[in-house]
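A.B. asks: One structure follows; several queries about it will come next.
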Amino acid sequence: MITIGTLTSRERVLLALDHKEPDRVPVDLGGTVVTGISRIALRNYLEFRGISAGPVAVNHLSGQLGLVPESLLRELGVDVRPLNPNPPTGGAPLLCYDRGHPRFTDEWGIGWEMPASSYYFDMYEHPLARAGSVEDVIEHQWPDATDSARYRGLWERGKQLSAEDATAVVAGRMGAGIFELSLWLRGFEQFYTDLACDPGLACSILDKVLEIKMDYWSRLLEEGGDSVTVVGEADDLASQNGLLISPEMYRKYVKPRHAKLFSHIKRQAPHVRIFLHSCGAVFDLIEDLIESGVDILNPVQTSARGMDPVRLKRVFGQDVVFWGAGVDTQNTLPYGSAQDVRDNVRRALDVFAPGGGYVFATIHNIQADVPPANIAALFEAFEDYRGY
């Protein structure tokens, strides 16, 4: 059981989610696939620390994230643990090699490959790219969210995490978000064209993804809902400099489906909080996200346009929990000095921690090129400044 003072990790996180100040700021590392660490960066950090852990297991194939050892999570005082589904019947995707590049096709039919110069997989095939009608969308081979193999053992794992370890449990999602998966399935250019010229086809994809997600969350929360603290979803709606969809189109096509999904989850498990990962300059949609049912915003990309930390906390700090924002993973963490990292961590905590409503994590995953000394500086600084 992780305790500091008189609080367990679960109690600490719940207080922060209620916009109250616990004994210290809660921290996440690896609780979700967007708050994790590259397997390469993890291996380098463990070697830097002189920790012998053997080969680093991969717990997210396309992102090449490492499975953080439980001993390290406890040493760092990490308050969150993931509750992820199993692979469906038939097992995890199989890797193949084409011209030396590893490739796989996921259960949605999306093709992924890792170029020689990359640290993770990128999409190369969109299975609905040639769909010409709603019937083509219906006939696509969609994943089965009700497959019992996904949920086998979840109840037992969830109970162990929430009872014996007393950590906050984040239930992992099935695939990307409603909007994002639709882009991946159809192809970005074609799906944007559909929204403008063939909204019926676009909506058929959005609705099918929504249906699958509702079925998934019904089953997962039925199996392990009592132990779940947070439900993790994701839908990237912005780039570094602006939105990926206009506010008008978001409100017409995506927001109603977000609201339907999140209200469905809350009906299944009224106690859970909705965590939404959305990168980039999302300031202009945060109010809409809150209205749709989002309780927690991640990764809080303060390097993006309009995402000033002080403004975010002032405008939305009473209505949404910020989960992330702890250090800039684009520039400061990989390219700054250890002191730069320390200063970034201190500034983030100074802004976001007061009054609760904050869980510390990096801005998205720690990437493969981050020096291990900077990862050490990150957690040392957090330990120094995590008090209220």
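Labeling convention for the structure tokens: chains A, B, ... as they appear, residues from 1 per chain, ligands from 1 in order of appearance.
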List every residue of stretch 136-291 of chain A that DSSP, applied to the backbone of this structure, assigns to strand (DSSP E), and report them as an NGL selection string.
C.D. replies: :A and (168-171 or 230-234 or 273-277)
A.B. asks: Env of A:Leu237: 8 Å cut, atoms = only C-alpha atoms, seq-sep filter 3 positions within chain, self excluded. Answer as number ranges by chain.
C.D. replies: A: 180, 243-245, 278-280, 282
A.B. asks: What's the separation between atom CA of A:Pro93 and atom CA of A:Thr105, in Å to one decimal place?
C.D. replies: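 Result for atom CA of A:Pro93 versus atom CA of A:Thr105: 6.4 Å, one decimal.
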A.B. asks: What's around A:Ile296 at 12 Å? Count only C-alpha atoms, leave out sequence neighbours fewer than 5 positions away in its own chain, and write the answer as an mmCIF file with N, CA and C atoms, in the first residue's frame.
C.D. replies:
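See result.cif below for the written result:
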```cif
data_model
loop_
_atom_site.group_PDB
_atom_site.id
_atom_site.type_symbol
_atom_site.label_atom_id
_atom_site.label_comp_id
_atom_site.auth_asym_id
_atom_site.auth_seq_id
_atom_site.Cartn_x
_atom_site.Cartn_y
_atom_site.Cartn_z
ATOM 1 N N VAL A 13 -5.658 10.989 -4.703
ATOM 2 C CA VAL A 13 -6.162 11.337 -6.035
ATOM 3 C C VAL A 13 -7.612 11.811 -5.955
ATOM 4 N N ALA A 16 -7.821 15.353 -4.841
ATOM 5 C CA ALA A 16 -7.423 16.261 -5.915
ATOM 6 C C ALA A 16 -8.519 16.368 -6.975
ATOM 7 N N LEU A 17 -9.173 15.251 -7.291
ATOM 8 C CA LEU A 17 -10.247 15.277 -8.273
ATOM 9 C C LEU A 17 -11.461 16.059 -7.768
ATOM 10 N N ASP A 18 -11.598 16.188 -6.450
ATOM 11 C CA ASP A 18 -12.665 16.982 -5.851
ATOM 12 C C ASP A 18 -12.240 18.436 -5.647
ATOM 13 N N HIS A 19 -11.117 18.813 -6.259
ATOM 14 C CA HIS A 19 -10.602 20.193 -6.161
ATOM 15 C C HIS A 19 -10.297 20.572 -4.718
ATOM 16 N N VAL A 170 -7.059 3.738 -13.300
ATOM 17 C CA VAL A 170 -7.543 4.336 -14.538
ATOM 18 C C VAL A 170 -7.843 3.218 -15.527
ATOM 19 N N THR A 229 -11.422 4.313 -10.697
ATOM 20 C CA THR A 229 -11.504 5.697 -10.239
ATOM 21 C C THR A 229 -11.744 6.640 -11.409
ATOM 22 N N VAL A 230 -11.063 6.380 -12.506
ATOM 23 C CA VAL A 230 -11.073 7.266 -13.666
ATOM 24 C C VAL A 230 -11.237 6.422 -14.925
ATOM 25 N N VAL A 231 -12.018 6.902 -15.858
ATOM 26 C CA VAL A 231 -12.161 6.291 -17.173
ATOM 27 C C VAL A 231 -11.366 7.136 -18.166
ATOM 28 N N GLY A 232 -10.432 6.497 -18.850
ATOM 29 C CA GLY A 232 -9.559 7.221 -19.759
ATOM 30 C C GLY A 232 -10.046 7.172 -21.194
ATOM 31 N N GLU A 233 -10.279 8.337 -21.785
ATOM 32 C CA GLU A 233 -10.603 8.438 -23.211
ATOM 33 C C GLU A 233 -9.650 9.448 -23.846
ATOM 34 N N ALA A 234 -9.658 9.511 -25.172
ATOM 35 C CA ALA A 234 -8.750 10.410 -25.884
ATOM 36 C C ALA A 234 -9.380 10.820 -27.197
ATOM 37 N N VAL A 272 -17.290 7.306 -11.382
ATOM 38 C CA VAL A 272 -16.041 7.494 -12.117
ATOM 39 C C VAL A 272 -15.935 8.910 -12.664
ATOM 40 N N ARG A 273 -14.700 9.327 -12.903
ATOM 41 C CA ARG A 273 -14.427 10.617 -13.529
ATOM 42 C C ARG A 273 -13.935 10.379 -14.955
ATOM 43 N N ILE A 274 -14.363 11.243 -15.858
ATOM 44 C CA ILE A 274 -14.009 11.113 -17.267
ATOM 45 C C ILE A 274 -12.722 11.897 -17.546
ATOM 46 N N PHE A 275 -11.698 11.158 -17.965
ATOM 47 C CA PHE A 275 -10.389 11.704 -18.338
ATOM 48 C C PHE A 275 -10.354 11.776 -19.861
ATOM 49 N N LEU A 276 -10.113 12.966 -20.421
ATOM 50 C CA LEU A 276 -9.996 13.093 -21.871
ATOM 51 C C LEU A 276 -8.624 13.647 -22.219
ATOM 52 N N HIS A 277 -7.904 12.890 -23.032
ATOM 53 C CA HIS A 277 -6.629 13.346 -23.581
ATOM 54 C C HIS A 277 -6.904 14.047 -24.901
ATOM 55 N N SER A 278 -6.475 15.305 -24.999
ATOM 56 C CA SER A 278 -6.589 16.042 -26.257
ATOM 57 C C SER A 278 -5.419 17.002 -26.339
ATOM 58 N N ILE A 286 -12.441 23.912 -24.532
ATOM 59 C CA ILE A 286 -12.470 23.351 -23.173
ATOM 60 C C ILE A 286 -13.852 23.504 -22.549
ATOM 61 N N LEU A 289 -15.970 20.809 -23.889
ATOM 62 C CA LEU A 289 -15.607 19.514 -23.332
ATOM 63 C C LEU A 289 -16.195 19.338 -21.934
ATOM 64 N N ILE A 290 -16.129 20.381 -21.144
ATOM 65 C CA ILE A 290 -16.711 20.318 -19.803
ATOM 66 C C ILE A 290 -18.221 20.086 -19.900
ATOM 67 N N PHE A 316 -10.583 27.878 -16.003
ATOM 68 C CA PHE A 316 -11.215 26.558 -15.937
ATOM 69 C C PHE A 316 -10.872 25.752 -14.685
ATOM 70 N N GLY A 317 -10.062 26.314 -13.787
ATOM 71 C CA GLY A 317 -9.557 25.555 -12.648
ATOM 72 C C GLY A 317 -10.613 25.070 -11.674
ATOM 73 N N GLN A 318 -11.794 25.684 -11.673
ATOM 74 C CA GLN A 318 -12.867 25.234 -10.780
ATOM 75 C C GLN A 318 -13.747 24.160 -11.418
ATOM 76 N N ASP A 319 -13.622 23.994 -12.729
ATOM 77 C CA ASP A 319 -14.564 23.143 -13.447
ATOM 78 C C ASP A 319 -13.945 21.883 -14.038
ATOM 79 N N VAL A 320 -12.635 21.847 -14.160
ATOM 80 C CA VAL A 320 -11.980 20.685 -14.736
ATOM 81 C C VAL A 320 -10.685 20.423 -13.984
ATOM 82 N N VAL A 321 -10.308 19.175 -13.872
ATOM 83 C CA VAL A 321 -9.030 18.795 -13.271
ATOM 84 C C VAL A 321 -7.979 18.765 -14.372
ATOM 85 N N PHE A 322 -6.835 19.354 -14.103
ATOM 86 C CA PHE A 322 -5.714 19.308 -15.039
ATOM 87 C C PHE A 322 -4.808 18.137 -14.658
ATOM 88 N N TRP A 323 -4.552 17.275 -15.627
ATOM 89 C CA TRP A 323 -3.752 16.058 -15.396
ATOM 90 C C TRP A 323 -2.643 16.079 -16.441
ATOM 91 N N GLY A 324 -1.459 16.500 -16.033
ATOM 92 C CA GLY A 324 -0.352 16.675 -16.977
ATOM 93 C C GLY A 324 0.365 17.973 -16.679
ATOM 94 N N GLY A 357 -7.367 19.957 -7.721
ATOM 95 C CA GLY A 357 -7.730 19.915 -9.130
ATOM 96 C C GLY A 357 -6.542 19.688 -10.038
ATOM 97 N N TYR A 358 -5.522 18.991 -9.522
ATOM 98 C CA TYR A 358 -4.324 18.779 -10.335
ATOM 99 C C TYR A 358 -3.677 17.442 -10.003
ATOM 100 N N VAL A 359 -3.317 16.698 -11.064
ATOM 101 C CA VAL A 359 -2.507 15.491 -10.952
ATOM 102 C C VAL A 359 -1.269 15.712 -11.817
#
```
A.B. asks: For a quick check of understanding, using only C-alpha atoms, which of A:Thr146, A:Gly77, A:His101, A:His126 has the smallest distance to A:Thr89?
C.D. replies: A:Thr146
A.B. asks: So that I can check the surroundings of stretch 54-65 of chain A, please list as a list in words every protein, DNA and RNA residue that reaches within 8 Å of it, counting only C-alpha atoms and ignoring chain neighbours fewer than 2 positions away.
C.D. replies: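 Once the nearby chain positions are removed, what remains is Val33, Gly36, Ile37, Ser38, Arg39, Leu42, Arg43, Ser52, Leu67, Trp112, Tyr119, Tyr120, Phe121 and Asp122 of chain A.
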A.B. asks: Run DSSP on the backbone and give me the residues of stretch 305-378 of chain A it puts in alpha helix (DSSP H), as a PyMOL selection string.
C.D. replies: chain A and resi 309-316+332-335+338-352+372-378
A.B. asks: Can you list, as a VMD selection string, every protein, DNA or RNA residue that comes within 7 Å of A:Ser292 when you count only C-alpha atoms, leaving out same-chain residues fewer than 3 positions away?
C.D. replies: chain A and resid 255 258 to 259 288 to 289
